[in-house]
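A.B. asks: Input file: start02.csv. Contents: CSV, C-alpha atoms.
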```csv
chain,number,residue,atom,x,y,z
Y,4,MET,CA,0.0,0.0,0.0
Y,5,THR,CA,2.9,2.3,0.7
Y,6,GLY,CA,4.2,2.0,-2.8
Y,7,PHE,CA,0.8,2.5,-4.3
Y,8,ALA,CA,0.2,5.5,-2.0
Y,9,HIS,CA,3.3,7.2,-3.4
Y,10,TYR,CA,1.6,7.3,-6.9
Y,11,LEU,CA,-1.8,8.5,-5.7
Y,12,PRO,CA,-1.1,12.2,-6.4
Y,13,ASP,CA,0.0,11.3,-9.9
Y,14,ILE,CA,-3.1,9.2,-10.5
Y,15,TRP,CA,-5.3,12.0,-9.3
Y,16,ALA,CA,-3.5,14.6,-11.4
Y,17,ALA,CA,-4.1,12.3,-14.4
Y,18,ILE,CA,-7.8,11.9,-13.6
Y,19,ILE,CA,-8.3,15.7,-13.2
Y,20,ALA,CA,-6.3,16.4,-16.4
Y,21,PHE,CA,-8.5,13.8,-18.2
Y,22,ALA,CA,-11.7,15.4,-16.9
Y,23,ILE,CA,-10.6,18.8,-18.1
Y,24,LEU,CA,-9.5,17.6,-21.5
Y,25,THR,CA,-12.7,15.7,-21.9
Y,26,TYR,CA,-14.7,18.8,-21.1
Y,27,VAL,CA,-12.7,20.8,-23.6
Y,28,VAL,CA,-13.2,18.4,-26.5
Y,29,LEU,CA,-16.9,17.7,-25.7
Y,30,ASP,CA,-18.1,21.1,-24.6
Y,31,GLY,CA,-15.8,22.8,-27.1
Y,32,PHE,CA,-17.8,22.0,-30.2
Y,33,ASP,CA,-21.1,23.4,-28.8
Y,34,LEU,CA,-19.3,26.5,-27.5
Y,35,GLY,CA,-17.9,26.8,-31.0
Y,36,ILE,CA,-21.3,26.5,-32.5
Y,37,GLY,CA,-22.5,29.3,-30.2
Y,38,ILE,CA,-19.7,31.5,-31.4
Y,39,LEU,CA,-20.7,30.7,-35.0
Y,40,PHE,CA,-24.4,31.6,-34.4
Y,41,PRO,CA,-24.3,35.1,-36.0
Y,42,PHE,CA,-22.5,33.8,-39.0
Y,43,LEU,CA,-24.8,30.9,-39.9
Y,44,GLY,CA,-27.0,32.9,-42.2
Y,45,SER,CA,-30.7,31.9,-41.9
Y,46,GLU,CA,-32.9,31.2,-38.9
Y,47,GLU,CA,-33.3,27.7,-40.2
Y,48,ASN,CA,-29.5,27.1,-40.0
Y,49,ARG,CA,-29.3,28.4,-36.5
Y,50,THR,CA,-32.2,26.2,-35.4
Y,51,ARG,CA,-30.6,23.1,-37.0
Y,52,ALA,CA,-27.2,23.9,-35.4
Y,53,MET,CA,-28.9,24.2,-32.0
Y,54,ASN,CA,-30.8,21.0,-32.5
Y,55,SER,CA,-27.6,19.2,-33.3
Y,56,VAL,CA,-26.2,19.9,-29.8
Y,57,ALA,CA,-29.4,19.9,-27.8
Y,58,PRO,CA,-29.4,16.2,-26.7
Y,59,VAL,CA,-25.8,16.3,-25.3
Y,60,TRP,CA,-24.6,19.9,-24.5
Y,61,ASP,CA,-25.6,20.0,-20.8
Y,62,GLY,CA,-24.1,16.7,-20.0
Y,63,ASN,CA,-20.7,17.8,-21.4
Y,64,GLU,CA,-20.3,20.3,-18.5
Y,65,THR,CA,-20.3,17.3,-16.0
Y,66,TRP,CA,-16.6,17.0,-16.8
Y,67,LEU,CA,-15.9,20.6,-15.8
Y,68,VAL,CA,-17.5,19.9,-12.4
Y,69,MET,CA,-15.5,16.7,-12.0
Y,70,GLY,CA,-12.2,18.5,-12.8
Y,71,GLY,CA,-12.9,21.3,-10.4
Y,72,GLY,CA,-14.3,19.0,-7.7
Y,73,GLY,CA,-11.3,16.7,-7.9
Y,74,LEU,CA,-8.9,19.7,-7.6
Y,75,LEU,CA,-10.7,20.9,-4.5
Y,76,ALA,CA,-10.9,17.4,-2.9
Y,77,VAL,CA,-7.3,16.2,-3.6
Y,78,PHE,CA,-5.3,19.4,-4.1
Y,79,PRO,CA,-6.9,22.0,-1.8
Y,80,LEU,CA,-3.8,24.1,-1.6
Y,81,ALA,CA,-3.5,24.4,-5.4
Y,82,TYR,CA,-7.3,25.0,-5.6
Y,83,GLY,CA,-7.0,27.9,-3.2
Y,84,ILE,CA,-4.1,29.5,-4.9
Y,85,ILE,CA,-5.6,29.1,-8.4
Y,86,LEU,CA,-9.0,30.4,-7.4
Y,87,ASN,CA,-7.5,33.5,-5.7
Y,88,ALA,CA,-5.2,34.2,-8.7
Y,89,LEU,CA,-7.9,33.6,-11.4
Y,90,TYR,CA,-11.1,34.5,-9.5
Y,91,ILE,CA,-12.2,37.1,-12.0
Y,92,PRO,CA,-12.0,35.0,-15.2
Y,93,ILE,CA,-13.4,31.9,-13.4
Y,94,VAL,CA,-16.5,33.8,-12.2
Y,95,ILE,CA,-16.9,35.4,-15.6
Y,96,MET,CA,-16.8,31.9,-17.2
Y,97,LEU,CA,-19.3,30.5,-14.8
Y,98,LEU,CA,-21.7,33.4,-15.3
Y,99,ALA,CA,-21.4,33.2,-19.0
Y,100,LEU,CA,-22.0,29.4,-19.1
Y,101,ALA,CA,-25.1,29.9,-16.9
Y,102,PHE,CA,-26.4,32.8,-19.1
Y,103,ARG,CA,-25.7,30.7,-22.2
Y,104,GLY,CA,-27.8,27.9,-20.7
Y,105,VAL,CA,-30.7,30.2,-20.0
Y,106,ALA,CA,-30.5,31.6,-23.6
Y,107,PHE,CA,-30.5,28.0,-25.0
Y,108,GLU,CA,-33.7,27.2,-23.2
Y,109,PHE,CA,-35.5,30.5,-23.7
Y,110,ARG,CA,-34.8,30.7,-27.4
Y,111,GLY,CA,-37.2,27.8,-28.1
Y,112,LYS,CA,-40.0,29.4,-26.0
Y,113,THR,CA,-40.5,32.6,-27.9
Y,114,ARG,CA,-40.7,34.0,-31.4
Y,115,ARG,CA,-40.8,37.7,-30.5
Y,116,TRP,CA,-37.5,37.7,-28.5
Y,117,GLN,CA,-35.7,35.0,-30.4
Y,118,ARG,CA,-33.1,37.3,-31.9
Y,119,LEU,CA,-32.3,38.6,-28.4
Y,120,TRP,CA,-31.7,35.1,-27.1
Y,121,ASP,CA,-29.7,34.3,-30.3
Y,122,ARG,CA,-27.4,37.1,-29.3
Y,123,ALA,CA,-27.3,36.0,-25.7
Y,124,PHE,CA,-26.4,32.5,-26.8
Y,125,PHE,CA,-23.6,33.9,-28.9
Y,126,GLY,CA,-22.4,36.3,-26.2
Y,127,GLY,CA,-22.4,33.6,-23.5
Y,128,SER,CA,-20.5,31.2,-25.7
Y,129,LEU,CA,-17.9,33.8,-26.7
Y,130,VAL,CA,-17.3,35.2,-23.2
Y,131,ALA,CA,-17.1,31.7,-21.6
Y,132,THR,CA,-14.5,30.7,-24.2
Y,133,LEU,CA,-12.5,33.9,-23.8
Y,134,ALA,CA,-12.5,33.4,-20.1
Y,135,GLN,CA,-11.3,29.8,-20.3
Y,136,GLY,CA,-8.5,30.9,-22.6
Y,137,ALA,CA,-7.6,33.7,-20.1
Y,138,ILE,CA,-7.6,31.2,-17.3
Y,139,LEU,CA,-5.2,29.0,-19.3
Y,140,GLY,CA,-2.9,31.9,-20.0
Y,141,GLY,CA,-2.9,33.2,-16.5
Y,142,LEU,CA,-2.1,29.7,-15.1
Y,143,LEU,CA,0.7,29.2,-17.5
Y,144,ARG,CA,2.3,32.5,-16.6
Y,145,GLY,CA,2.3,31.3,-13.0
Y,146,PRO,CA,0.5,32.9,-10.0
Y,147,GLU,CA,2.8,34.8,-7.6
Y,148,VAL,CA,3.2,32.6,-4.6
Y,149,THR,CA,5.0,33.3,-1.4
Y,150,ALA,CA,5.2,30.8,1.5
Y,151,ARG,CA,2.5,28.6,-0.2
Y,152,THR,CA,0.1,31.6,-0.4
Y,153,PHE,CA,-1.0,33.7,-3.3
Y,154,THR,CA,0.5,37.1,-3.0
Y,155,GLY,CA,-0.3,38.6,-6.4
Y,156,GLY,CA,-3.0,40.9,-7.6
Y,157,PRO,CA,-6.5,40.2,-9.0
Y,158,PHE,CA,-5.5,41.3,-12.5
Y,159,ASP,CA,-2.1,39.5,-12.8
Y,160,TRP,CA,-3.7,37.1,-15.3
Y,161,VAL,CA,-4.2,40.0,-17.8
Y,162,SER,CA,-1.4,40.0,-20.4
Y,163,PHE,CA,-0.9,39.7,-24.2
Y,164,PHE,CA,-0.1,36.0,-23.7
Y,165,SER,CA,-3.5,35.5,-22.0
Y,166,LEU,CA,-5.2,37.4,-24.9
Y,167,GLY,CA,-3.4,35.1,-27.3
Y,168,THR,CA,-4.5,31.9,-25.5
Y,169,ALA,CA,-8.1,33.2,-25.4
Y,170,LEU,CA,-8.2,33.9,-29.1
Y,171,ALA,CA,-6.5,30.5,-29.8
Y,172,LEU,CA,-9.3,28.8,-27.8
Y,173,VAL,CA,-12.0,30.7,-29.7
Y,174,ALA,CA,-10.4,29.5,-33.0
Y,175,GLY,CA,-10.0,25.9,-31.7
Y,176,TYR,CA,-13.6,25.7,-30.5
Y,177,VAL,CA,-14.9,27.1,-33.8
Y,178,MET,CA,-12.8,24.4,-35.6
Y,179,LEU,CA,-14.5,21.7,-33.5
Y,180,GLY,CA,-17.9,23.2,-34.0
Y,181,ALA,CA,-17.6,23.4,-37.7
Y,182,ALA,CA,-16.6,19.7,-37.8
Y,183,TRP,CA,-19.6,18.8,-35.7
Y,184,LEU,CA,-21.9,20.6,-38.1
Y,185,VAL,CA,-20.4,18.7,-41.0
Y,186,ILE,CA,-21.2,15.5,-39.1
Y,187,LYS,CA,-24.7,16.5,-38.1
Y,188,THR,CA,-26.1,18.6,-41.0
Y,189,SER,CA,-26.5,18.7,-44.7
Y,190,HIS,CA,-27.0,21.0,-47.7
Y,191,GLY,CA,-26.4,24.7,-47.2
Y,192,LEU,CA,-25.3,24.6,-43.5
Y,193,TYR,CA,-23.0,21.7,-44.3
Y,194,ASP,CA,-21.2,23.6,-47.0
Y,195,LEU,CA,-20.9,26.7,-44.9
Y,196,ALA,CA,-19.5,24.7,-42.0
Y,197,ARG,CA,-16.8,23.2,-44.3
Y,198,ARG,CA,-15.7,26.6,-45.4
Y,199,ILE,CA,-15.6,27.9,-41.8
Y,200,GLY,CA,-13.7,24.8,-40.6
Y,201,GLU,CA,-10.9,25.4,-43.2
Y,202,ARG,CA,-10.4,29.0,-41.9
Y,203,ALA,CA,-10.7,28.0,-38.3
Y,204,LEU,CA,-8.0,25.4,-38.7
Y,205,ILE,CA,-5.6,27.9,-40.2
Y,206,ALA,CA,-6.3,30.4,-37.4
Y,207,THR,CA,-5.9,27.6,-34.7
Y,208,LEU,CA,-2.6,26.4,-36.0
Y,209,GLY,CA,-1.4,30.0,-36.3
Y,210,PHE,CA,-2.3,30.8,-32.7
Y,211,ILE,CA,-0.8,27.5,-31.5
Y,212,GLY,CA,2.5,28.4,-33.2
Y,213,LEU,CA,2.6,31.9,-31.6
Y,214,ALA,CA,1.8,30.4,-28.2
Y,215,SER,CA,4.5,27.8,-28.6
Y,216,LEU,CA,7.0,30.4,-29.4
Y,217,ALA,CA,6.1,32.5,-26.3
Y,218,THR,CA,5.6,29.7,-23.7
Y,219,PRO,CA,9.3,28.8,-23.2
Y,220,PHE,CA,10.1,32.4,-22.3
Y,221,LEU,CA,7.4,32.7,-19.6
Y,222,HIS,CA,9.6,30.8,-17.1
Y,223,PRO,CA,13.2,29.7,-17.2
Y,224,GLU,CA,12.0,26.2,-16.2
Y,225,TYR,CA,9.8,26.0,-19.3
Y,226,TYR,CA,12.8,26.9,-21.4
Y,227,HIS,CA,14.9,24.1,-19.9
Y,228,ARG,CA,12.1,21.6,-20.3
Y,229,TRP,CA,11.5,22.4,-23.9
Y,230,PHE,CA,15.1,22.7,-25.1
Y,231,GLN,CA,17.1,20.3,-22.9
Y,232,TRP,CA,17.3,16.5,-23.1
Y,233,PRO,CA,15.0,14.6,-23.2
Y,234,GLY,CA,12.3,17.3,-23.5
Y,235,VAL,CA,13.8,18.6,-26.8
Y,236,ILE,CA,12.6,15.3,-28.4
Y,237,TRP,CA,9.0,16.0,-27.5
Y,238,SER,CA,9.4,19.6,-28.5
Y,239,ALA,CA,10.4,18.4,-32.0
Y,240,VAL,CA,7.9,15.6,-32.3
Y,241,VAL,CA,4.7,17.6,-31.2
Y,242,PRO,CA,4.9,20.2,-34.0
Y,243,LEU,CA,5.2,17.4,-36.6
Y,244,LEU,CA,2.2,15.6,-35.1
Y,245,LEU,CA,0.2,18.8,-35.0
Y,246,LEU,CA,0.9,19.3,-38.7
Y,247,VAL,CA,-0.2,15.7,-39.4
Y,248,ALA,CA,-3.4,16.2,-37.4
Y,249,GLY,CA,-4.0,19.6,-39.1
Y,250,PHE,CA,-3.6,17.9,-42.5
Y,251,GLY,CA,-6.0,15.2,-41.5
Y,252,TYR,CA,-8.6,17.9,-40.5
Y,253,TRP,CA,-8.0,19.9,-43.7
Y,254,THR,CA,-8.5,16.9,-46.0
Y,255,ALA,CA,-11.4,15.5,-44.1
Y,256,ILE,CA,-13.3,18.8,-43.8
Y,257,ARG,CA,-13.0,19.3,-47.5
Y,258,SER,CA,-14.7,15.9,-48.2
Y,259,ASP,CA,-17.6,14.1,-46.6
Y,260,ARG,CA,-15.7,12.9,-43.6
Y,261,GLY,CA,-16.9,15.0,-40.7
Y,262,VAL,CA,-16.1,12.3,-38.1
Y,263,VAL,CA,-12.4,12.2,-39.2
Y,264,ALA,CA,-12.3,16.0,-39.2
Y,265,TYR,CA,-13.7,16.1,-35.6
Y,266,LEU,CA,-11.3,13.4,-34.4
Y,267,SER,CA,-8.4,15.3,-36.0
Y,268,GLY,CA,-9.5,18.4,-34.2
Y,269,ILE,CA,-9.5,16.4,-31.0
Y,270,ALA,CA,-6.0,15.2,-31.8
Y,271,ILE,CA,-4.9,18.8,-32.1
Y,272,PHE,CA,-6.2,19.6,-28.6
Y,273,VAL,CA,-4.7,16.4,-27.1
Y,274,LEU,CA,-1.3,17.3,-28.5
Y,275,CYS,CA,-1.6,20.9,-27.1
Y,276,PHE,CA,-2.6,19.4,-23.8
Y,277,ALA,CA,0.4,17.1,-23.8
Y,278,GLY,CA,2.6,20.1,-24.5
Y,279,LEU,CA,1.2,21.9,-21.5
Y,280,GLY,CA,1.9,18.8,-19.4
Y,281,LEU,CA,5.5,18.8,-20.6
Y,282,SER,CA,5.8,22.4,-19.5
Y,283,ILE,CA,4.4,22.3,-16.0
Y,284,PHE,CA,4.8,18.7,-14.7
Y,285,PRO,CA,5.3,17.9,-11.8
Y,286,TYR,CA,4.0,21.3,-10.7
Y,287,ILE,CA,0.2,21.8,-10.3
Y,288,VAL,CA,0.7,25.6,-9.7
Y,289,PRO,CA,3.4,26.3,-12.3
Y,290,ALA,CA,6.9,26.9,-10.9
Y,291,SER,CA,5.6,27.1,-7.3
Y,292,ILE,CA,3.7,24.1,-5.9
Y,293,THR,CA,4.3,20.5,-7.0
Y,294,ILE,CA,1.6,17.8,-7.2
Y,295,ARG,CA,2.8,16.1,-4.0
Y,296,GLU,CA,3.2,19.4,-2.1
Y,297,ALA,CA,-0.4,20.3,-2.8
Y,298,SER,CA,-2.0,16.8,-2.2
Y,299,THR,CA,-4.1,15.7,0.8
Y,300,PRO,CA,-3.1,12.6,2.9
Y,301,ALA,CA,-2.9,9.3,1.0
Y,302,MET,CA,-5.8,7.8,3.0
Y,303,SER,CA,-8.1,10.6,1.8
Y,304,GLN,CA,-7.0,10.2,-1.8
Y,305,GLY,CA,-7.5,6.5,-1.7
Y,306,PHE,CA,-11.0,6.8,-0.3
Y,307,ILE,CA,-12.0,9.3,-2.9
Y,308,LEU,CA,-10.4,7.2,-5.6
Y,309,VAL,CA,-12.7,4.3,-4.8
Y,310,GLY,CA,-15.7,6.5,-5.6
Y,311,ALA,CA,-14.0,7.8,-8.8
Y,312,ALA,CA,-13.3,4.2,-9.9
Y,313,ILE,CA,-17.0,3.4,-9.6
Y,314,PHE,CA,-18.6,6.5,-11.1
Y,315,LEU,CA,-16.1,7.5,-13.8
Y,316,PRO,CA,-16.8,4.4,-15.9
Y,317,ILE,CA,-20.5,5.0,-15.5
Y,318,ILE,CA,-20.2,8.6,-16.6
Y,319,LEU,CA,-18.1,7.5,-19.6
Y,320,ALA,CA,-20.6,4.8,-20.6
Y,321,TYR,CA,-23.5,7.2,-20.3
Y,322,THR,CA,-21.8,9.8,-22.4
Y,323,ALA,CA,-20.9,7.3,-25.1
Y,324,TYR,CA,-24.4,5.9,-25.0
Y,325,ALA,CA,-26.0,9.4,-25.4
Y,326,TYR,CA,-23.8,10.2,-28.4
Y,327,TRP,CA,-24.6,6.8,-29.9
Y,328,VAL,CA,-28.3,7.2,-29.5
Y,329,PHE,CA,-28.4,10.7,-31.0
Y,330,ARG,CA,-26.0,9.9,-33.9
Y,331,GLY,CA,-26.8,10.8,-37.5
Y,332,LYS,CA,-27.8,13.9,-39.3
Y,333,THR,CA,-30.2,16.5,-37.8
Y,334,SER,CA,-33.4,17.1,-39.7
Y,335,GLU,CA,-34.7,20.6,-40.2
Y,336,HIS,CA,-38.1,19.4,-39.0
Y,337,GLU,CA,-36.7,18.4,-35.5
Y,338,HIS,CA,-37.1,20.6,-32.5
Y,339,HIS,CA,-34.9,20.5,-29.4
Y,340,TYR,CA,-37.9,20.0,-27.1
```
Show how you would write the structure in this file as structure tokens.

C.D. replies:
Amino acid sequence: MTGFAHYLPDIWAAIIAFAILTYVVLDGFDLGIGILFPFLGSEENRTRAMNSVAPVWDGNETWLVMGGGGLLAVFPLAYGIILNALYIPIVIMLLALAFRGVAFEFRGKTRRWQRLWDRAFFGGSLVATLAQGAILGGLLRGPEVTARTFTGGPFDWVSFFSLGTALALVAGYVMLGAAWLVIKTSHGLYDLARRIGERALIATLGFIGLASLATPFLHPEYYHRWFQWPGVIWSAVVPLLLLVAGFGYWTAIRSDRGVVAYLSGIAIFVLCFAGLGLSIFPYIVPASITIREASTPAMSQGFILVGAAIFLPIILAYTAYAYWVFRGKTSEHEHHY
């Protein structure tokens, strides 16, 4: 048990990372569709786009709750520091997600105010995505920590780097949303989504390239990890894999292979996530607090892990089943109620 207990913080870090990544790739496409709402042309296109995500969109946010709850339960020190450092964008994100959910439901209840709720759905999706990108940028820059306590200011997360990560996430979510529309729709909306997907891919890869150039210079430790052995191997391999995934998305979105395009988009996010892991591991608060320094006693972690081992497969199975049941193209005659 002593040997296993030593790896519990790493196991929990992997579970939390998996939950956050799953949230990003699942909720990302419907946030991307929300961002695309004003550019979809007709009311029929917007209705079909909303119908395509209606059966699954609210369940996707379960993974965000799991990631945040796991961080609080297992790494309370890191939770407190991160929450204090990024309180403003976190609150903005949560309010935007709630506002977006209200707009999603109210849109189907009225004709008179439908345009207002369309704008609200777009605004909530865009603001939530920008806030998530700012959270990522602020976390990568590293909160100011002294004696295991956050000692920075409430706006330390504001920087050109955070703006870049926010815009990168907008482009990435639009890329996923376009691929989802290619999978779920046909005719005019299908063709429009293909064109948007091509442009979103170029923007996403461009922002990833800029972020990759800037990240090693945020902290000396990042620089050493990226350009010293053995990290330099991963630093060389990841860009090549990103180009492969980008080529896969580009060729698939230009043909009738929406599933391949969506999976290629997921691969781009997974590779970026792996790059983030290379930069910050074993820290959970970059360059300040390691995973083991922030973790609770092994007995507590083991007890919670039993619950995670039971419920995580159930949630995965339910999610897979929901996507399987609602597979196929969305008809223009369907309604999300």

A.B. asks: Hey, can you check how far atom CA of Ser282 of chain Y sits from atom CA of Leu139 of chain Y?

C.D. replies: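 Computed distance, atom CA of Ser282 of chain Y to atom CA of Leu139 of chain Y, equals 12.8 Å.
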
A.B. asks: Contacts between segment 140-149 of chain Y and segment 156-175 of chain Y, please, where a residue of segment 156-175 of chain Y counts if it comes within 9 Å (with all atoms listed in the file); show its shortest atom pair and distance in Å to one decimal, rows by chain and ascending number, as JSON lines.

C.D. replies:
```
{"residue": "Y:Gly156", "atom": "CA", "partner": "Y:Glu147", "partner_atom": "CA", "distance": 8.4}
{"residue": "Y:Asp159", "atom": "CA", "partner": "Y:Gly141", "partner_atom": "CA", "distance": 7.3}
{"residue": "Y:Trp160", "atom": "CA", "partner": "Y:Gly141", "partner_atom": "CA", "distance": 4.2}
{"residue": "Y:Val161", "atom": "CA", "partner": "Y:Gly141", "partner_atom": "CA", "distance": 7.0}
{"residue": "Y:Ser162", "atom": "CA", "partner": "Y:Gly141", "partner_atom": "CA", "distance": 8.0}
{"residue": "Y:Phe164", "atom": "CA", "partner": "Y:Gly140", "partner_atom": "CA", "distance": 6.2}
{"residue": "Y:Ser165", "atom": "CA", "partner": "Y:Gly140", "partner_atom": "CA", "distance": 4.2}
{"residue": "Y:Leu166", "atom": "CA", "partner": "Y:Gly140", "partner_atom": "CA", "distance": 7.7}
{"residue": "Y:Gly167", "atom": "CA", "partner": "Y:Gly140", "partner_atom": "CA", "distance": 8.0}
{"residue": "Y:Thr168", "atom": "CA", "partner": "Y:Gly140", "partner_atom": "CA", "distance": 5.7}
{"residue": "Y:Ala169", "atom": "CA", "partner": "Y:Gly140", "partner_atom": "CA", "distance": 7.6}
```

A.B. asks: I need the residue nearest Ala182 of chain Y from this list: Y:Val28, Y:Leu319, Y:Ile256, Y:Leu274. Use only C-alpha atoms for the distance.

C.D. replies: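 Between Y:Val28, Y:Leu319, Y:Ile256, Y:Leu274, the residue approaching Ala182 of chain Y most closely is Y:Ile256.
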
A.B. asks: Report as a VMD selection string all protein, DNA and RNA residues lying within 9 Å of Phe109 of chain Y, evaluated on all atoms listed in the file, omitting residues in the same chain fewer than 6 positions from it.

C.D. replies: chain Y and resid 116 to 117 120

A.B. asks: Selected residues, C-alpha atoms, written as a short mmCIF file (atom, residue, chain, number, x, y, z; two decimals), in the frame of the given file, please.

C.D. replies:
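Now in selection_8.cif:
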```cif
data_model
loop_
_atom_site.label_atom_id
_atom_site.label_comp_id
_atom_site.auth_asym_id
_atom_site.auth_seq_id
_atom_site.Cartn_x
_atom_site.Cartn_y
_atom_site.Cartn_z
CA TRP Y 116 -37.50 37.70 -28.50
CA GLN Y 117 -35.70 35.00 -30.40
CA TRP Y 120 -31.70 35.10 -27.10
#
```

A.B. asks: Looking at Y:Ala311, Y:Ile19, Y:Ala52, Y:Ala255, which one is nearest to Leu75 of chain Y, with distances taken over only C-alpha atoms?

C.D. replies: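 Selected residue with least distance to Leu75 of chain Y: Y:Ile19.
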
A.B. asks: Which of these residues is nearest to Thr322 of chain Y, using all atoms listed in the file: Y:Pro242, Y:Gly6, Y:Gly62, Y:Gly136?

C.D. replies: Y:Gly62

A.B. asks: Report, in Å to a single decimal, how far apart atom CA of Val27 of chain Y and atom CA of Gly72 of chain Y are.

C.D. replies: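 Result for atom CA of Gly72 of chain Y versus atom CA of Val27 of chain Y: 16.1 Å, one decimal.
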
A.B. asks: Residues within 12 Å of Val59 of chain Y, please, as a list in words. Count only C-alpha atoms; anything in the same chain fewer than 3 positions from it doesn't count.

C.D. replies: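 So the residues in contact are Leu29, Asp30, Phe32, Asp33, Met53, Asn54, Ser55, Val56, Gly62, Asn63, Glu64, Thr65, Tyr321, Thr322, Ala323, Tyr324, Ala325, Tyr326, Trp327, Val328, Phe329, Arg330 and His339 of chain Y.
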
A.B. asks: Considering all atoms listed in the file, can you say which of Y:Gly251, Y:Gly209, Y:Gly280, Y:Pro92 comes closest to Ser267 of chain Y?

C.D. replies: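 Of all the options, Y:Gly251 lies closest to Ser267 of chain Y.
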
A.B. asks: Separation of atom CA of Ala76 of chain Y and atom CA of Leu308 of chain Y, in Å?

C.D. replies: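 Separation between atom CA of Ala76 of chain Y and atom CA of Leu308 of chain Y: 10.6 Å.
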